[in-house]
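Next comes protein_17.pdb, a file with PDB, C-alpha atoms, pLDDT in the B column.
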MODEL        1
ATOM      1  CA  MET A   1     -33.824 -65.324  55.006  1.00 77.00           C
ATOM      2  CA  GLY A   2     -30.958 -67.229  56.532  1.00 92.00           C
ATOM      3  CA  LYS A   3     -27.324 -66.946  57.356  1.00 96.00           C
ATOM      4  CA  ILE A   4     -24.315 -68.731  55.961  1.00 97.00           C
ATOM      5  CA  ARG A   5     -20.948 -68.728  57.642  1.00 97.00           C
ATOM      6  CA  VAL A   6     -17.700 -69.186  55.720  1.00 98.00           C
ATOM      7  CA  GLU A   7     -14.518 -69.742  57.712  1.00 98.00           C
ATOM      8  CA  VAL A   8     -11.204 -69.355  55.901  1.00 98.00           C
ATOM      9  CA  ARG A   9      -7.971 -70.586  57.472  1.00 97.00           C
ATOM     10  CA  TYR A  10      -4.445 -71.462  56.451  1.00 97.00           C
ATOM     11  CA  LEU A  11      -3.772 -75.033  55.412  1.00 97.00           C
ATOM     12  CA  PRO A  12      -1.852 -77.102  57.963  1.00 94.00           C
ATOM     13  CA  GLY A  13       1.844 -76.591  57.342  1.00 93.00           C
ATOM     14  CA  VAL A  14       1.488 -73.120  55.846  1.00 96.00           C
ATOM     15  CA  GLU A  15       3.267 -70.503  57.937  1.00 94.00           C
ATOM     16  CA  ASP A  16       1.007 -67.722  59.155  1.00 94.00           C
ATOM     17  CA  PRO A  17       3.163 -64.718  60.106  1.00 94.00           C
ATOM     18  CA  GLU A  18       0.332 -63.122  62.092  1.00 95.00           C
ATOM     19  CA  ALA A  19      -0.183 -66.215  64.235  1.00 96.00           C
ATOM     20  CA  ILE A  20       3.562 -66.649  64.791  1.00 95.00           C
ATOM     21  CA  THR A  21       3.905 -63.005  65.862  1.00 96.00           C
ATOM     22  CA  ILE A  22       0.976 -63.246  68.298  1.00 96.00           C
ATOM     23  CA  SER A  23       2.302 -66.455  69.782  1.00 95.00           C
ATOM     24  CA  ARG A  24       5.844 -65.102  70.213  1.00 96.00           C
ATOM     25  CA  ASN A  25       4.679 -61.849  71.751  1.00 96.00           C
ATOM     26  CA  LEU A  26       2.355 -63.603  74.213  1.00 96.00           C
ATOM     27  CA  GLN A  27       5.354 -65.606  75.433  1.00 95.00           C
ATOM     28  CA  ILE A  28       7.360 -62.389  75.839  1.00 96.00           C
ATOM     29  CA  LEU A  29       4.478 -60.835  77.781  1.00 96.00           C
ATOM     30  CA  GLY A  30       4.500 -63.792  80.158  1.00 96.00           C
ATOM     31  CA  TYR A  31       1.413 -65.699  79.039  1.00 95.00           C
ATOM     32  CA  ASP A  32       3.058 -69.047  79.600  1.00 94.00           C
ATOM     33  CA  SER A  33      -0.077 -71.215  79.526  1.00 93.00           C
ATOM     34  CA  VAL A  34      -0.838 -70.186  75.963  1.00 94.00           C
ATOM     35  CA  GLY A  35       0.872 -72.225  73.256  1.00 91.00           C
ATOM     36  CA  SER A  36       0.546 -71.959  69.519  1.00 93.00           C
ATOM     37  CA  VAL A  37      -2.090 -69.774  67.929  1.00 95.00           C
ATOM     38  CA  SER A  38      -3.930 -70.041  64.644  1.00 96.00           C
ATOM     39  CA  VAL A  39      -5.934 -67.278  63.081  1.00 97.00           C
ATOM     40  CA  SER A  40      -8.884 -67.565  60.735  1.00 98.00           C
ATOM     41  CA  LYS A  41     -11.444 -65.273  59.247  1.00 98.00           C
ATOM     42  CA  VAL A  42     -15.193 -65.670  59.276  1.00 98.00           C
ATOM     43  CA  TYR A  43     -17.558 -64.154  56.719  1.00 98.00           C
ATOM     44  CA  GLN A  44     -21.218 -64.301  57.628  1.00 97.00           C
ATOM     45  CA  PHE A  45     -23.620 -63.744  54.755  1.00 97.00           C
ATOM     46  CA  GLU A  46     -27.305 -62.961  54.953  1.00 95.00           C
ATOM     47  CA  ILE A  47     -29.036 -64.730  52.121  1.00 94.00           C
ATOM     48  CA  GLY A  48     -32.495 -64.435  50.627  1.00 88.00           C
ATOM     49  CA  ASN A  49     -33.363 -67.583  48.718  1.00 88.00           C
ATOM     50  CA  ARG A  50     -31.783 -70.558  50.488  1.00 89.00           C
ATOM     51  CA  GLU A  51     -30.806 -72.659  47.484  1.00 91.00           C
ATOM     52  CA  ASN A  52     -29.468 -69.827  45.317  1.00 93.00           C
ATOM     53  CA  GLY A  53     -27.815 -68.207  48.312  1.00 94.00           C
ATOM     54  CA  MET A  54     -25.939 -71.390  49.201  1.00 95.00           C
ATOM     55  CA  LYS A  55     -24.821 -71.843  45.595  1.00 95.00           C
ATOM     56  CA  GLN A  56     -23.611 -68.279  45.313  1.00 96.00           C
ATOM     57  CA  VAL A  57     -21.826 -68.242  48.680  1.00 97.00           C
ATOM     58  CA  ASN A  58     -20.044 -71.468  47.708  1.00 96.00           C
ATOM     59  CA  GLU A  59     -18.834 -69.820  44.523  1.00 96.00           C
ATOM     60  CA  VAL A  60     -17.813 -66.624  46.336  1.00 97.00           C
ATOM     61  CA  ALA A  61     -15.854 -68.618  48.916  1.00 97.00           C
ATOM     62  CA  ARG A  62     -14.037 -70.693  46.320  1.00 96.00           C
ATOM     63  CA  LYS A  63     -13.321 -67.929  43.835  1.00 96.00           C
ATOM     64  CA  LEU A  64     -12.896 -64.825  45.958  1.00 96.00           C
ATOM     65  CA  LEU A  65     -12.458 -65.386  49.680  1.00 97.00           C
ATOM     66  CA  CYS A  66     -10.118 -68.349  49.774  1.00 97.00           C
ATOM     67  CA  ASN A  67      -6.753 -68.793  48.097  1.00 97.00           C
ATOM     68  CA  GLU A  68      -6.793 -72.571  47.822  1.00 95.00           C
ATOM     69  CA  VAL A  69      -3.047 -72.744  47.271  1.00 97.00           C
ATOM     70  CA  ILE A  70      -2.466 -71.864  50.923  1.00 97.00           C
ATOM     71  CA  GLN A  71      -5.923 -71.769  52.522  1.00 97.00           C
ATOM     72  CA  GLU A  72      -8.986 -73.930  53.104  1.00 98.00           C
ATOM     73  CA  TYR A  73     -12.545 -73.017  54.014  1.00 98.00           C
ATOM     74  CA  ASP A  74     -15.676 -74.533  55.382  1.00 96.00           C
ATOM     75  CA  ILE A  75     -19.264 -73.436  54.977  1.00 97.00           C
ATOM     76  CA  LYS A  76     -22.012 -73.778  57.557  1.00 96.00           C
ATOM     77  CA  GLU A  77     -25.631 -72.788  57.553  1.00 93.00           C
ATOM     78  CA  GLU A  78     -26.775 -71.038  60.734  1.00 86.00           C
TER      79      GLU A  78
ATOM     80  CA  MET B  79      -3.872 -79.834  76.350  1.00 77.00           C
ATOM     81  CA  GLY B  80      -6.947 -78.186  74.943  1.00 92.00           C
ATOM     82  CA  LYS B  81      -8.053 -75.515  72.561  1.00 96.00           C
ATOM     83  CA  ILE B  82      -9.763 -72.210  73.165  1.00 97.00           C
ATOM     84  CA  ARG B  83     -11.408 -70.216  70.432  1.00 97.00           C
ATOM     85  CA  VAL B  84     -11.823 -66.443  70.626  1.00 98.00           C
ATOM     86  CA  GLU B  85     -14.032 -64.761  68.035  1.00 98.00           C
ATOM     87  CA  VAL B  86     -13.797 -60.988  67.688  1.00 98.00           C
ATOM     88  CA  ARG B  87     -16.406 -59.044  65.738  1.00 97.00           C
ATOM     89  CA  TYR B  88     -17.639 -55.494  65.372  1.00 97.00           C
ATOM     90  CA  LEU B  89     -20.421 -54.377  67.689  1.00 97.00           C
ATOM     91  CA  PRO B  90     -23.830 -54.076  66.041  1.00 94.00           C
ATOM     92  CA  GLY B  91     -24.127 -50.590  64.582  1.00 93.00           C
ATOM     93  CA  VAL B  92     -20.401 -50.114  64.025  1.00 96.00           C
ATOM     94  CA  GLU B  93     -19.567 -49.698  60.353  1.00 94.00           C
ATOM     95  CA  ASP B  94     -17.123 -52.262  59.026  1.00 94.00           C
ATOM     96  CA  PRO B  95     -15.554 -50.931  55.803  1.00 94.00           C
ATOM     97  CA  GLU B  96     -14.318 -54.383  54.793  1.00 95.00           C
ATOM     98  CA  ALA B  97     -17.788 -55.927  55.077  1.00 96.00           C
ATOM     99  CA  ILE B  98     -19.395 -53.008  53.230  1.00 95.00           C
ATOM    100  CA  THR B  99     -16.870 -53.295  50.397  1.00 96.00           C
ATOM    101  CA  ILE B 100     -17.371 -57.059  50.044  1.00 96.00           C
ATOM    102  CA  SER B 101     -21.137 -56.686  50.052  1.00 95.00           C
ATOM    103  CA  ARG B 102     -21.111 -53.897  47.453  1.00 96.00           C
ATOM    104  CA  ASN B 103     -18.711 -55.702  45.158  1.00 96.00           C
ATOM    105  CA  LEU B 104     -20.683 -58.958  45.311  1.00 96.00           C
ATOM    106  CA  GLN B 105     -23.737 -57.015  44.134  1.00 95.00           C
ATOM    107  CA  ILE B 106     -21.724 -55.530  41.265  1.00 96.00           C
ATOM    108  CA  LEU B 107     -20.492 -59.010  40.324  1.00 96.00           C
ATOM    109  CA  GLY B 108     -24.092 -60.215  40.114  1.00 96.00           C
ATOM    110  CA  TYR B 109     -24.380 -62.263  43.320  1.00 95.00           C
ATOM    111  CA  ASP B 110     -27.941 -61.135  43.916  1.00 94.00           C
ATOM    112  CA  SER B 111     -28.911 -63.764  46.494  1.00 93.00           C
ATOM    113  CA  VAL B 112     -26.231 -62.575  48.890  1.00 94.00           C
ATOM    114  CA  GLY B 113     -27.225 -59.699  51.163  1.00 91.00           C
ATOM    115  CA  SER B 114     -25.228 -58.040  53.895  1.00 93.00           C
ATOM    116  CA  VAL B 115     -21.951 -59.472  55.091  1.00 95.00           C
ATOM    117  CA  SER B 116     -20.230 -59.327  58.433  1.00 96.00           C
ATOM    118  CA  VAL B 117     -16.622 -60.234  59.025  1.00 97.00           C
ATOM    119  CA  SER B 118     -15.052 -61.534  62.195  1.00 98.00           C
ATOM    120  CA  LYS B 119     -11.723 -62.943  63.235  1.00 98.00           C
ATOM    121  CA  VAL B 120     -11.080 -66.163  65.096  1.00 98.00           C
ATOM    122  CA  TYR B 121      -8.005 -66.858  67.213  1.00 98.00           C
ATOM    123  CA  GLN B 122      -7.554 -70.455  68.262  1.00 97.00           C
ATOM    124  CA  PHE B 123      -5.155 -71.006  71.142  1.00 97.00           C
ATOM    125  CA  GLU B 124      -3.578 -74.259  72.247  1.00 95.00           C
ATOM    126  CA  ILE B 125      -3.369 -74.256  75.993  1.00 94.00           C
ATOM    127  CA  GLY B 126      -1.541 -76.417  78.475  1.00 88.00           C
ATOM    128  CA  ASN B 127      -3.144 -76.151  81.889  1.00 88.00           C
ATOM    129  CA  ARG B 128      -6.896 -75.723  81.428  1.00 89.00           C
ATOM    130  CA  GLU B 129      -7.602 -73.313  84.266  1.00 92.00           C
ATOM    131  CA  ASN B 130      -4.595 -71.047  83.787  1.00 93.00           C
ATOM    132  CA  GLY B 131      -4.979 -71.202  80.017  1.00 94.00           C
ATOM    133  CA  MET B 132      -8.589 -70.059  80.181  1.00 95.00           C
ATOM    134  CA  LYS B 133      -7.679 -67.228  82.548  1.00 95.00           C
ATOM    135  CA  GLN B 134      -4.831 -66.061  80.360  1.00 96.00           C
ATOM    136  CA  VAL B 135      -6.768 -66.294  77.101  1.00 97.00           C
ATOM    137  CA  ASN B 136      -9.575 -64.258  78.684  1.00 96.00           C
ATOM    138  CA  GLU B 137      -7.075 -61.573  79.609  1.00 96.00           C
ATOM    139  CA  VAL B 138      -5.420 -61.653  76.164  1.00 97.00           C
ATOM    140  CA  ALA B 139      -8.811 -61.328  74.454  1.00 97.00           C
ATOM    141  CA  ARG B 140      -9.898 -58.414  76.613  1.00 96.00           C
ATOM    142  CA  LYS B 141      -6.624 -56.516  76.673  1.00 95.00           C
ATOM    143  CA  LEU B 142      -5.037 -57.275  73.314  1.00 96.00           C
ATOM    144  CA  LEU B 143      -7.305 -58.840  70.700  1.00 97.00           C
ATOM    145  CA  CYS B 144     -10.505 -56.882  71.139  1.00 97.00           C
ATOM    146  CA  ASN B 145     -11.023 -53.141  71.086  1.00 97.00           C
ATOM    147  CA  GLU B 146     -14.114 -53.017  73.276  1.00 95.00           C
ATOM    148  CA  VAL B 147     -15.032 -49.528  72.103  1.00 97.00           C
ATOM    149  CA  ILE B 148     -16.055 -50.937  68.723  1.00 97.00           C
ATOM    150  CA  GLN B 149     -15.769 -54.719  69.049  1.00 97.00           C
ATOM    151  CA  GLU B 150     -17.046 -57.622  71.117  1.00 98.00           C
ATOM    152  CA  TYR B 151     -15.719 -61.139  71.567  1.00 98.00           C
ATOM    153  CA  ASP B 152     -16.772 -64.524  72.744  1.00 96.00           C
ATOM    154  CA  ILE B 153     -14.693 -67.378  74.066  1.00 97.00           C
ATOM    155  CA  LYS B 154     -15.392 -71.064  73.596  1.00 96.00           C
ATOM    156  CA  GLU B 155     -13.579 -74.154  74.702  1.00 93.00           C
ATOM    157  CA  GLU B 156     -13.196 -76.790  72.000  1.00 86.00           C
TER     158      GLU B 156
ENDMDL
END
Would you mind writing the file's structure down as structure tokens?
Amino acid sequence: MGKIRVEVRYLPGVEDPEAITISRNLQILGYDSVGSVSVSKVYQFEIGNRENGMKQVNEVARKLLCNEVIQEYDIKEE
Amino acid sequence: MGKIRVEVRYLPGVEDPEAITISRNLQILGYDSVGSVSVSKVYQFEIGNRENGMKQVNEVARKLLCNEVIQEYDIKEE
């Protein structure tokens, strides 16, 4: 048993409306020490067999979790 | 200039419909080495002044990003 962590984020240069909204609203609320924001999503998978699990999580990340046109991901074992 | 990373996740024991759906569908699709899934969200802030930035990001995390009834967060400098 182990854990694998997949983090999916927007590619540099791709506009993220959620991040822009957070950043703008924090300025309005007076949080002046906080600059730009980026948002990403983390999926943590429990796996059984290490080798198969890694292979399958790689496939899941590439095919299902990440839209590689506008996003990138990285995978880490924990 | 520095970066601060806030990760928000559901408290243990709180049902996350998104994670349950992903996990169930991966089973249906035949990914049998992948067990339970948990999903969390990461906000990465660029800050100017380190001390003020940290203080403000702490406040933003507690008041705005995290619903402490069902979620928890941790903050890391990068």
- 9 Å contacts from chain B to chain A using only C-alpha atoms, as a VMD selection string: chain B and resid 85 97 101 104 109 to 128 130 to 132 134 to 135 138
Mind fitting chain B to chain A by least squares on all Cα atoms in order and giving back the moved coordinates as a PDB file with C-alpha atoms, in the coordinates of the input?
ATOM      1  CA  MET B  79     -33.825 -65.331  54.983  1.00 77.00           C
ATOM      2  CA  GLY B  80     -30.964 -67.230  56.521  1.00 92.00           C
ATOM      3  CA  LYS B  81     -27.324 -66.943  57.357  1.00 96.00           C
ATOM      4  CA  ILE B  82     -24.313 -68.728  55.959  1.00 97.00           C
ATOM      5  CA  ARG B  83     -20.950 -68.717  57.645  1.00 97.00           C
ATOM      6  CA  VAL B  84     -17.703 -69.185  55.724  1.00 98.00           C
ATOM      7  CA  GLU B  85     -14.518 -69.728  57.720  1.00 98.00           C
ATOM      8  CA  VAL B  86     -11.205 -69.359  55.903  1.00 98.00           C
ATOM      9  CA  ARG B  87      -7.975 -70.579  57.474  1.00 97.00           C
ATOM     10  CA  TYR B  88      -4.450 -71.453  56.442  1.00 97.00           C
ATOM     11  CA  LEU B  89      -3.783 -75.038  55.414  1.00 97.00           C
ATOM     12  CA  PRO B  90      -1.875 -77.092  57.976  1.00 94.00           C
ATOM     13  CA  GLY B  91       1.832 -76.598  57.356  1.00 93.00           C
ATOM     14  CA  VAL B  92       1.486 -73.128  55.853  1.00 96.00           C
ATOM     15  CA  GLU B  93       3.255 -70.506  57.939  1.00 94.00           C
ATOM     16  CA  ASP B  94       1.001 -67.720  59.150  1.00 94.00           C
ATOM     17  CA  PRO B  95       3.154 -64.707  60.105  1.00 94.00           C
ATOM     18  CA  GLU B  96       0.325 -63.115  62.086  1.00 95.00           C
ATOM     19  CA  ALA B  97      -0.188 -66.221  64.230  1.00 96.00           C
ATOM     20  CA  ILE B  98       3.560 -66.641  64.772  1.00 95.00           C
ATOM     21  CA  THR B  99       3.900 -63.010  65.859  1.00 96.00           C
ATOM     22  CA  ILE B 100       0.978 -63.242  68.299  1.00 96.00           C
ATOM     23  CA  SER B 101       2.305 -66.463  69.777  1.00 95.00           C
ATOM     24  CA  ARG B 102       5.838 -65.097  70.206  1.00 96.00           C
ATOM     25  CA  ASN B 103       4.676 -61.848  71.747  1.00 96.00           C
ATOM     26  CA  LEU B 104       2.358 -63.600  74.210  1.00 96.00           C
ATOM     27  CA  GLN B 105       5.362 -65.602  75.417  1.00 95.00           C
ATOM     28  CA  ILE B 106       7.369 -62.395  75.836  1.00 96.00           C
ATOM     29  CA  LEU B 107       4.486 -60.842  77.783  1.00 96.00           C
ATOM     30  CA  GLY B 108       4.518 -63.803  80.169  1.00 96.00           C
ATOM     31  CA  TYR B 109       1.417 -65.710  79.029  1.00 95.00           C
ATOM     32  CA  ASP B 110       3.070 -69.065  79.595  1.00 94.00           C
ATOM     33  CA  SER B 111      -0.063 -71.226  79.519  1.00 93.00           C
ATOM     34  CA  VAL B 112      -0.837 -70.189  75.960  1.00 94.00           C
ATOM     35  CA  GLY B 113       0.872 -72.230  73.251  1.00 91.00           C
ATOM     36  CA  SER B 114       0.533 -71.952  69.508  1.00 93.00           C
ATOM     37  CA  VAL B 115      -2.103 -69.771  67.922  1.00 95.00           C
ATOM     38  CA  SER B 116      -3.932 -70.041  64.645  1.00 96.00           C
ATOM     39  CA  VAL B 117      -5.939 -67.266  63.078  1.00 97.00           C
ATOM     40  CA  SER B 118      -8.885 -67.571  60.747  1.00 98.00           C
ATOM     41  CA  LYS B 119     -11.446 -65.265  59.239  1.00 98.00           C
ATOM     42  CA  VAL B 120     -15.197 -65.673  59.274  1.00 98.00           C
ATOM     43  CA  TYR B 121     -17.561 -64.147  56.723  1.00 98.00           C
ATOM     44  CA  GLN B 122     -21.221 -64.296  57.631  1.00 97.00           C
ATOM     45  CA  PHE B 123     -23.620 -63.745  54.751  1.00 97.00           C
ATOM     46  CA  GLU B 124     -27.314 -62.963  54.937  1.00 95.00           C
ATOM     47  CA  ILE B 125     -29.038 -64.734  52.115  1.00 94.00           C
ATOM     48  CA  GLY B 126     -32.481 -64.457  50.618  1.00 88.00           C
ATOM     49  CA  ASN B 127     -33.346 -67.604  48.708  1.00 88.00           C
ATOM     50  CA  ARG B 128     -31.768 -70.569  50.493  1.00 89.00           C
ATOM     51  CA  GLU B 129     -30.786 -72.657  47.487  1.00 92.00           C
ATOM     52  CA  ASN B 130     -29.446 -69.847  45.315  1.00 93.00           C
ATOM     53  CA  GLY B 131     -27.793 -68.213  48.312  1.00 94.00           C
ATOM     54  CA  MET B 132     -25.921 -71.384  49.207  1.00 95.00           C
ATOM     55  CA  LYS B 133     -24.804 -71.848  45.604  1.00 95.00           C
ATOM     56  CA  GLN B 134     -23.597 -68.282  45.320  1.00 96.00           C
ATOM     57  CA  VAL B 135     -21.822 -68.239  48.678  1.00 97.00           C
ATOM     58  CA  ASN B 136     -20.036 -71.466  47.717  1.00 96.00           C
ATOM     59  CA  GLU B 137     -18.827 -69.822  44.531  1.00 96.00           C
ATOM     60  CA  VAL B 138     -17.804 -66.615  46.343  1.00 97.00           C
ATOM     61  CA  ALA B 139     -15.853 -68.622  48.931  1.00 97.00           C
ATOM     62  CA  ARG B 140     -14.036 -70.683  46.326  1.00 96.00           C
ATOM     63  CA  LYS B 141     -13.321 -67.925  43.835  1.00 95.00           C
ATOM     64  CA  LEU B 142     -12.897 -64.819  45.968  1.00 96.00           C
ATOM     65  CA  LEU B 143     -12.459 -65.390  49.698  1.00 97.00           C
ATOM     66  CA  CYS B 144     -10.123 -68.358  49.785  1.00 97.00           C
ATOM     67  CA  ASN B 145      -6.766 -68.785  48.107  1.00 97.00           C
ATOM     68  CA  GLU B 146      -6.807 -72.564  47.826  1.00 95.00           C
ATOM     69  CA  VAL B 147      -3.059 -72.749  47.273  1.00 97.00           C
ATOM     70  CA  ILE B 148      -2.479 -71.859  50.923  1.00 97.00           C
ATOM     71  CA  GLN B 149      -5.931 -71.772  52.527  1.00 97.00           C
ATOM     72  CA  GLU B 150      -8.989 -73.929  53.102  1.00 98.00           C
ATOM     73  CA  TYR B 151     -12.548 -73.019  54.014  1.00 98.00           C
ATOM     74  CA  ASP B 152     -15.681 -74.519  55.389  1.00 96.00           C
ATOM     75  CA  ILE B 153     -19.265 -73.423  54.985  1.00 97.00           C
ATOM     76  CA  LYS B 154     -22.015 -73.763  57.558  1.00 96.00           C
ATOM     77  CA  GLU B 155     -25.633 -72.780  57.553  1.00 93.00           C
ATOM     78  CA  GLU B 156     -26.782 -71.039  60.722  1.00 86.00           C
TER      79      GLU B 156
END
- Task: Could you tell me how far atom CA of Asn67 of chain A lies from atom CA of Ile148 of chain B, in Å and to one decimal?
- Result: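 We find that atom CA of Asn67 of chain A and atom CA of Ile148 of chain B lie 28.8 Å from each other.
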- Item | Atom pair atom CA of Ile75 of chain A / atom CA of Asn58 of chain A: separation (Å) |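 Computed distance, atom CA of Ile75 of chain A to atom CA of Asn58 of chain A, equals 7.6 Å.
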- Query: What is the atom CA of Ile20 of chain A to atom CA of Lys154 of chain B distance in Å?
  - Reply: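 Distance reported for this atom pair: 21.4 Å.
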Edge lengths and centre, in Å to one decimal, as AutoDock Vina command-line options: that's what I need for the box along x, y and z that holds all listed atoms of segment 57-75 of chain A plus 3 Å on each side.
--center_x -12.1 --center_y -69.7 --center_z 49.6 --size_x 25.4 --size_y 15.7 --size_z 17.5
